[in-house]
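To keep things clear, I will list the structure first and then write my remarks on it.
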Amino acid sequence: MLKKIFEHTHPYEPFLFKEATKLIVGTLPPPRFTTGILKEGDVNFCYGSKDGQLWPILDKIFNLKLAYETTDRAILQRKKFLTEQKIGVCDIVSRAERSKIDASDLGMENVVLRDLIAYLKMYKNVDTLLFTGGNSKNGPEYFFRKHLKDYHLKLSLISSDVPRIHSFELDDRLIKTVSLTAPSGAANRAVGGLEAYKIMKGKNPEINTLDFRVLQYAQFFKN
C-alpha cells in the first residue's frame, strides 16, 4: 500500500514592504497552518504556532504585551510591530512533500524554494537576513546557500561564533545574514549544549534557554 504524501504548502505570502531593512527567513510553519486546523492559542500569521518561541522572544525584548489567540487582533498586533520596526518576513520554502505529517525540517522532501533573491532585488532597503536556524540540513541557511548558487553568489564568513554571521554582495549592496539559534522547543537541547549558554548559566543559574535566545535576538532585532 502506497503511503499518502502530504503536500505542505506555505499558507502565507511574504510580509514585505518598501521600508523593510531586515527580513526574518525560516522554512515552513507546522502542517496545521496549511490545513487551517489550528490549535487554541495559535495565531493565524507567520510564526504563529503556540509551540513556537519567536513571538514570545520578541515580546520579551520589546515588551509588546501580545495576545496569543486565533484572532484578527493578534495578527494586527504582529503586523504593526513588524511595520514599525521595519522587519519583513519571507520564508524561503514555498512548498514541500512529507510522508510523515510533522513540523520537522528534516522531514521535508522535494522542496521548492521561493526566489528570495528576486524579492531582495525588489525591496532594496533590506540589508540583513535573520535566519531562524542555521546550516543543518533543510535549515534556512542551508536552503539559502543552495539558492545563492542559482545566482552564482556565495556567502562570506564574518563571524563563526553563535550566531554565525555571513555577508554576500547583490548588485551594489552588501547584505548580512545572521543564523540565529532556532526559536523552537526542539532546539532547546542544542542550546543547552552551547558553550556560551553554559558560561551564562554558570554565572546566573536562573537563566534558561528562552532567556539565552532573548539576549541573542535582541542584538539583531533592535535598531
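Following the order of the C-alpha cells, chains are lettered A, B, ..., residues in each are numbered from 1, and ligands are numbered from 1.
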Can you check which parts of stretch 107-162 of chain A lie within 10 Å of stretch 21-29 of chain A? Per residue, the shortest pair of atoms and distance in Å to one decimal, counting only C-alpha atoms, sorted by chain and number, as a tab-separated table.
```
residue	atom	partner	partner_atom	distance
A:Met108	CA	A:Leu28	CA	9.4
A:Leu113	CA	A:Thr27	CA	9.1
A:Arg114	CA	A:Thr27	CA	10.0
A:Leu116	CA	A:Val25	CA	9.3
A:Leu120	CA	A:Leu23	CA	9.5
A:Tyr123	CA	A:Thr21	CA	8.6
A:Lys124	CA	A:Thr21	CA	8.3
A:Asn125	CA	A:Thr21	CA	5.1
A:Val126	CA	A:Thr21	CA	3.9
A:Asp127	CA	A:Thr21	CA	5.6
A:Thr128	CA	A:Lys22	CA	4.8
A:Leu129	CA	A:Leu23	CA	4.9
A:Leu130	CA	A:Ile24	CA	4.7
A:Phe131	CA	A:Val25	CA	4.8
A:Thr132	CA	A:Gly26	CA	5.2
A:Gly133	CA	A:Gly26	CA	7.3
A:Gly134	CA	A:Gly26	CA	9.9
A:Asn138	CA	A:Thr27	CA	8.1
A:Gly139	CA	A:Thr27	CA	7.0
A:Pro140	CA	A:Gly26	CA	5.3
A:Glu141	CA	A:Val25	CA	8.7
A:Phe143	CA	A:Thr27	CA	8.7
A:Phe144	CA	A:Val25	CA	9.3
```
* **Who sits within 6 Å of stretch 42-56 of chain A, only C-alpha atoms, same chain under 2 positions skipped, as a list of chain:residue names** => A:Lys39, A:Glu40, A:Leu58, A:Asp59, A:Glu69, A:Thr70, A:Pro183, A:Ser184
* Point out the residue among A:Tyr197, A:Tyr142, A:Phe81, A:Phe15 with the least atom-to-atom distance to A:Lys222, counting only C-alpha atoms. => A:Phe81
* Per-residue DSSP, chain A, filtered to strand (DSSP E or B), as a ChimeraX atom specification -> /A:6-9,15,22-25,87-89,93-98,109-113,128-131,156-159,164-170,173-179
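Minimum distance to A:Lys146 across A:Ser159, A:Val191, A:Gln85, A:Val93 (counting only C-alpha atoms) occurs at A:Val93.
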* alpha helix (DSSP H) call set, DSSP backbone run, stretch 3-218 of chain A, as an NGL selection string -> :A and (31-35 or 54-62 or 72-85 or 116-122 or 140-150 or 188-192 or 195-203 or 209-218)
Tell me, as a compact mmCIF listing (two decimals) with N, CA, C and O atoms, in the first residue's frame, which residues lie within 8 Å of stretch 6-8 of chain A, counting only C-alpha atoms; anything in the same chain fewer than 4 positions away does not count.
```
# COMPACT_ATOMS: atom_id res chain seq x y z
N PRO A 31 2.33 21.86 9.65
CA PRO A 31 1.32 21.50 8.65
C PRO A 31 -0.10 21.97 8.97
O PRO A 31 -0.88 22.21 8.05
N THR A 34 -1.24 24.91 7.12
CA THR A 34 -1.61 24.67 5.73
C THR A 34 -3.05 24.16 5.64
O THR A 34 -3.83 24.58 4.78
N ARG A 95 6.98 25.27 -0.87
CA ARG A 95 6.23 24.05 -0.60
C ARG A 95 7.18 22.85 -0.53
O ARG A 95 8.31 22.92 -0.99
N ALA A 96 6.68 21.79 0.06
CA ALA A 96 7.46 20.55 0.19
C ALA A 96 6.48 19.39 0.32
O ALA A 96 5.28 19.59 0.53
N GLU A 97 7.00 18.19 0.23
CA GLU A 97 6.20 16.99 0.44
C GLU A 97 6.65 16.32 1.73
O GLU A 97 7.82 16.38 2.09
N ARG A 98 5.69 15.66 2.39
CA ARG A 98 6.01 14.94 3.63
C ARG A 98 5.34 13.57 3.60
O ARG A 98 4.15 13.46 3.27
N SER A 99 6.09 12.54 3.96
CA SER A 99 5.49 11.21 4.12
C SER A 99 4.97 11.06 5.55
O SER A 99 4.06 10.27 5.81
N LYS A 100 5.54 11.85 6.48
CA LYS A 100 5.05 11.89 7.86
C LYS A 100 4.64 13.32 8.15
O LYS A 100 5.41 14.25 7.91
N ILE A 101 3.43 13.50 8.65
CA ILE A 101 2.93 14.86 8.86
C ILE A 101 3.41 15.39 10.21
O ILE A 101 2.82 15.13 11.26
```
* Residue neighbourhood A:Met200, 12 Å, only C-alpha atoms, exclusion window fewer than 5 positions, as a PyMOL selection string -> chain A and resi 191-195+205-209+211-213+215-216
* Å distance separating atom CA of A:Lys65 from atom CA of A:Arg78, one decimal place -> 10.6 Å
